[in-house]
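Chemist: Take a look at my_file_28.txt, compact mmCIF, C-alpha atoms:
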```txt
# COMPACT_ATOMS: atom_id res chain seq x y z
CA MET D 25 135.82 103.61 91.80
CA LYS D 26 133.87 104.38 88.65
CA LEU D 27 132.52 100.83 88.48
CA ILE D 28 130.35 101.38 91.53
CA ALA D 29 128.59 104.27 89.82
CA LEU D 30 128.18 102.27 86.61
CA GLY D 31 126.63 99.35 88.44
CA ALA D 32 124.26 101.57 90.37
CA PHE D 33 123.22 103.30 87.13
CA ALA D 34 122.64 100.01 85.34
CA LEU D 35 120.47 98.64 88.12
CA ALA D 36 118.60 101.92 88.52
CA SER D 37 117.88 102.11 84.80
CA ILE D 38 116.26 98.68 84.86
CA ALA D 39 114.19 99.55 87.94
CA ALA D 40 113.25 103.06 86.77
CA GLY D 41 110.37 101.84 84.65
CA THR D 42 107.99 101.30 87.56
CA ALA D 43 108.40 104.82 88.94
CA ALA D 44 107.83 106.43 85.54
CA ALA D 45 104.92 104.13 84.73
CA GLN D 46 102.71 105.20 87.60
CA THR D 47 99.53 107.02 86.58
CA PRO D 48 97.97 109.35 89.13
CA ALA D 49 95.17 107.51 90.95
CA ASN D 50 92.67 110.33 90.68
CA ILE D 51 92.43 110.37 86.88
CA THR D 52 89.14 109.29 85.38
CA HIS D 53 89.63 107.71 81.99
CA GLY D 54 87.35 107.95 78.99
CA ALA D 55 86.36 104.92 77.01
CA PRO D 56 89.18 102.85 75.55
CA ILE D 57 90.00 103.81 71.97
CA ALA D 58 89.48 100.83 69.68
CA GLY D 59 92.66 99.80 67.91
CA VAL D 60 94.99 101.85 70.14
CA CYS D 61 97.14 99.98 72.63
CA VAL D 62 99.95 101.00 74.95
CA TYR D 63 102.98 99.03 76.11
CA ASP D 64 105.81 99.83 78.52
CA ASN D 65 109.04 97.89 78.02
CA GLU D 66 110.68 99.43 81.11
CA GLU D 67 107.87 98.09 83.27
CA VAL D 68 108.34 94.67 81.74
CA LEU D 69 112.04 94.80 82.65
CA ALA D 70 111.29 96.00 86.18
CA ARG D 71 108.36 93.75 87.06
CA SER D 72 108.93 90.51 85.17
CA THR D 73 110.70 87.69 86.94
CA ALA D 74 113.30 87.60 84.17
CA GLY D 75 113.94 91.34 84.54
CA GLN D 76 114.23 90.99 88.29
CA SER D 77 116.66 88.08 87.87
CA VAL D 78 118.80 90.34 85.66
CA GLN D 79 118.81 92.99 88.40
CA THR D 80 119.79 90.40 91.00
CA GLY D 81 122.42 88.82 88.76
CA LEU D 82 123.99 92.15 87.84
CA GLN D 83 124.13 93.14 91.51
CA ARG D 84 125.86 89.84 92.29
CA LEU D 85 128.38 90.37 89.48
CA LEU D 86 129.01 93.97 90.53
CA THR D 87 129.73 92.82 94.08
CA GLU D 88 132.16 90.20 92.74
CA VAL D 89 133.96 92.78 90.62
CA GLN D 90 134.15 95.26 93.48
CA GLY D 91 135.71 92.51 95.60
CA GLU D 92 138.22 91.82 92.85
CA LEU D 93 139.17 95.50 92.48
CA ALA D 94 139.26 96.39 96.19
CA PRO D 95 142.75 94.95 96.84
CA TYR D 96 144.17 97.11 94.04
CA ALA D 97 142.72 100.25 95.60
CA THR D 98 143.98 99.29 99.04
CA THR D 99 147.55 98.51 97.98
CA ILE D 100 147.78 101.57 95.75
CA GLN D 101 146.53 103.83 98.54
CA THR D 102 148.89 102.26 101.08
CA GLU D 103 151.92 102.60 98.80
CA LEU D 104 151.00 106.17 97.89
CA GLN D 105 150.78 107.13 101.56
CA ALA D 106 154.12 105.44 102.27
CA LEU D 107 155.77 107.36 99.44
CA GLN D 108 154.25 110.65 100.56
CA GLN D 109 155.31 110.14 104.16
CA GLY D 110 158.82 108.92 103.29
CA GLY D 111 159.52 111.68 100.82
CA GLU D 112 162.56 111.57 98.54
CA ALA D 113 164.45 109.28 100.92
CA ALA D 114 161.81 106.54 100.57
CA ASP D 115 162.30 106.31 96.80
CA PRO D 116 165.61 107.85 95.71
CA ASP D 117 165.65 106.22 92.26
CA GLN D 118 161.87 106.63 91.65
CA SER D 119 161.46 102.87 91.18
CA ARG D 120 158.66 102.65 93.75
CA ARG D 121 156.80 105.50 92.02
CA ARG D 122 157.15 103.76 88.66
CA ALA D 123 155.92 100.50 90.18
CA LEU D 124 153.00 102.35 91.78
CA GLN D 125 152.14 104.00 88.46
CA ALA D 126 152.25 100.61 86.72
CA ARG D 127 149.99 99.10 89.41
CA ALA D 128 147.52 102.00 89.05
CA GLU D 129 147.47 101.57 85.26
CA GLU D 130 146.93 97.83 85.69
CA ALA D 131 144.02 98.53 88.05
CA GLN D 132 142.50 101.03 85.61
CA GLN D 133 142.78 98.54 82.75
CA LEU D 134 141.20 95.79 84.83
CA GLU D 135 138.39 98.12 85.90
CA GLN D 136 137.73 99.08 82.25
CA THR D 137 137.74 95.41 81.23
CA ARG D 138 135.27 94.52 83.99
CA ARG D 139 133.09 97.53 83.11
CA ASN D 140 132.96 96.35 79.48
CA GLU D 141 132.13 92.81 80.61
CA LEU D 142 129.30 93.99 82.84
CA GLN D 143 127.87 96.24 80.13
CA TYR D 144 128.06 93.42 77.60
CA THR D 145 126.51 90.95 80.03
CA GLN D 146 123.67 93.35 80.80
CA GLY D 147 123.10 93.96 77.10
CA MET D 148 122.98 90.25 76.32
CA GLN D 149 120.52 89.56 79.14
CA LEU D 150 118.27 92.43 78.10
CA GLN D 151 118.47 91.17 74.54
CA ALA D 152 117.35 87.71 75.74
CA ILE D 153 114.34 89.28 77.43
CA GLY D 154 113.61 91.36 74.34
CA THR D 155 113.78 88.27 72.13
CA ALA D 156 111.38 86.43 74.45
CA VAL D 157 108.90 89.30 74.81
CA GLU D 158 108.73 90.35 71.15
CA PRO D 159 106.49 87.48 69.99
CA ILE D 160 104.34 88.00 73.08
CA VAL D 161 103.81 91.67 72.25
CA ILE D 162 103.06 90.80 68.61
CA ALA D 163 100.52 88.19 69.69
CA LEU D 164 98.85 90.64 72.10
CA TYR D 165 98.79 93.31 69.41
CA GLN D 166 96.93 90.94 67.11
CA GLU D 167 94.65 89.49 69.82
CA ARG D 168 93.55 92.94 70.94
CA GLY D 169 93.06 94.15 67.36
CA CYS D 170 95.54 96.98 67.79
CA SER D 171 96.13 99.32 64.89
CA LEU D 172 98.51 101.54 66.83
CA LEU D 173 100.88 100.57 69.66
CA LEU D 174 102.17 103.49 71.72
CA ASN D 175 105.06 103.50 74.14
CA ARG D 176 103.30 104.04 77.46
CA SER D 177 106.22 106.00 78.88
CA ALA D 178 105.71 108.58 76.11
CA VAL D 179 102.01 109.01 76.97
CA TYR D 180 100.97 110.96 80.07
CA SER D 181 98.00 108.72 80.75
CA ALA D 182 95.97 106.06 78.97
CA ASN D 183 92.96 103.96 79.84
CA PRO D 184 94.30 100.81 81.53
CA ALA D 185 92.07 98.72 79.26
CA MET D 186 94.34 99.75 76.38
CA ASP D 187 97.51 98.64 78.20
CA ILE D 188 98.91 95.28 77.11
CA THR D 189 101.89 95.48 79.51
CA PRO D 190 100.41 93.50 82.44
CA THR D 191 99.42 90.63 80.16
CA ALA D 192 102.85 90.74 78.47
CA ILE D 193 104.49 90.44 81.90
CA GLU D 194 102.30 87.45 82.83
CA ARG D 195 103.11 85.66 79.58
CA LEU D 196 106.81 86.50 79.81
CA ASN D 197 106.91 85.14 83.36
CA ALA D 198 105.49 81.87 82.05
CA ALA D 199 107.79 81.74 79.02
CA LEU D 200 111.00 82.98 80.68
CA PRO D 201 110.71 82.66 84.47
CA SER D 202 114.28 83.77 85.15
CA LEU D 203 117.74 84.17 83.71
CA SER D 204 120.86 82.70 85.23
CA PHE D 205 124.15 84.04 83.95
CA SER D 206 127.78 84.76 84.62
CA ARG D 207 129.91 87.72 83.59
CA MET D 208 130.45 87.56 79.84
CA THR D 209 133.45 88.67 77.81
CA PRO D 210 132.58 90.90 74.86
CA PRO D 211 133.73 89.63 71.49
CA VAL D 212 136.99 91.06 70.23
CA GLN D 213 136.43 93.88 67.75
CA ALA D 214 137.59 92.99 64.23
CA GLN D 215 140.68 94.90 63.09
CA GLN D 216 140.04 97.20 60.13
```
Can the structure in the file be given as structure tokens, please?
Modeler:
Amino acid sequence: MKLIALGAFALASIAAGTAAAQTPANITHGAPIAGVCVYDNEEVLARSTAGQSVQTGLQRLLTEVQGELAPYATTIQTELQALQQGGEAADPDQSRRRALQARAEEAQQLEQTRRNELQYTQGMQLQAIGTAVEPIVIALYQERGCSLLLNRSAVYSANPAMDITPTAIERLNAALPSLSFSRMTPPVQAQQ
């Protein structure tokens, strides 16, 4: 089902930061540039304990949802095969086909609902991490006397002395060691 791909994408997007953040080991850096700092939010999400707890929690929720949706797929597939094998004689008034169509639509609606819940839950958890890390990044920016903060993923390479990410991860781990959560229902959109 589509939900499997969504879950894999969501988890991969959180973990992708560490692969993209790697700087080739053989680069020799010049002196750090005073007032210029770099920061990588994806690395924070991938390496912090809170970010890792989001990955683990989302994987747990995805497994639960897959378990909830699996019986739908099984019964729909079984009924479809029975109808195909029995031909016209198996469903002369088309009632079984209509029931199968209704069951398939019900499964699609449930899958869409669960997809929305997982996306909302992921967004809320990432927002919680963002809320916790923002004052940390601001404090590091001021402590290091930064005049310019660059997104490290947008820079090919930078002197590690200019990178505030490792310190941000340490402080985030102390401030927000983990997140524990359940699947959340998105708020109902207001009617216009």
Chemist: May I ask which of the residues D:Gln101, D:Ser171, D:Gln90, D:Ser77 is the closest one to Arg139 of chain D, counting all atoms listed in the file?
Modeler: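 Between D:Gln101, D:Ser171, D:Gln90, D:Ser77, the residue approaching Arg139 of chain D most closely is D:Gln90.
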Chemist: My list of candidates is D:Glu92, D:Glu141, D:Asp187, D:Glu158. Which is closest to Pro211 of chain D when distances are computed with only C-alpha atoms?
Modeler: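 Result for the nearest residue to Pro211 of chain D: D:Glu141.
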Chemist: Which of these, D:Ala58, D:Val212, D:Phe205, D:Gly75, has the shortest distance to Leu142 of chain D once you count all atoms listed in the file?
Modeler: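 Closest residue, counting all atoms listed in the file: D:Phe205.
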Chemist: Applying 10 Å and all atoms listed in the file, which residues near Val78 of chain D remain after dropping the ones on its own chain fewer than 2 positions away? List them as a compact mmCIF listing (two decimals) with C-alpha atoms, in the frame of the given file.
Modeler:
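Result file is out_12.txt:
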```txt
# COMPACT_ATOMS: atom_id res chain seq x y z
CA LEU D 35 120.47 98.64 88.12
CA ILE D 38 116.26 98.68 84.86
CA LEU D 69 112.04 94.80 82.65
CA ALA D 70 111.29 96.00 86.18
CA SER D 72 108.93 90.51 85.17
CA THR D 73 110.70 87.69 86.94
CA ALA D 74 113.30 87.60 84.17
CA GLY D 75 113.94 91.34 84.54
CA GLN D 76 114.23 90.99 88.29
CA THR D 80 119.79 90.40 91.00
CA GLY D 81 122.42 88.82 88.76
CA LEU D 82 123.99 92.15 87.84
CA GLN D 83 124.13 93.14 91.51
CA ARG D 84 125.86 89.84 92.29
CA THR D 145 126.51 90.95 80.03
CA GLN D 146 123.67 93.35 80.80
CA GLN D 149 120.52 89.56 79.14
CA LEU D 150 118.27 92.43 78.10
CA ILE D 153 114.34 89.28 77.43
CA SER D 202 114.28 83.77 85.15
CA LEU D 203 117.74 84.17 83.71
CA SER D 204 120.86 82.70 85.23
CA PHE D 205 124.15 84.04 83.95
```
Chemist: Figure out the distance between atom CA of Arg168 of chain D and atom CA of Val60 of chain D, please, to one decimal in Å.
Modeler: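 So the answer is 9.1 Å.
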Chemist: Identify, on the basis of all atoms listed in the file, every residue whose closest approach to Asn65 of chain D does not exceed 9 Å; exclude the query and any residue fewer than 5 positions from it along the same chain; express the result as a count of residues only.
Modeler: 7
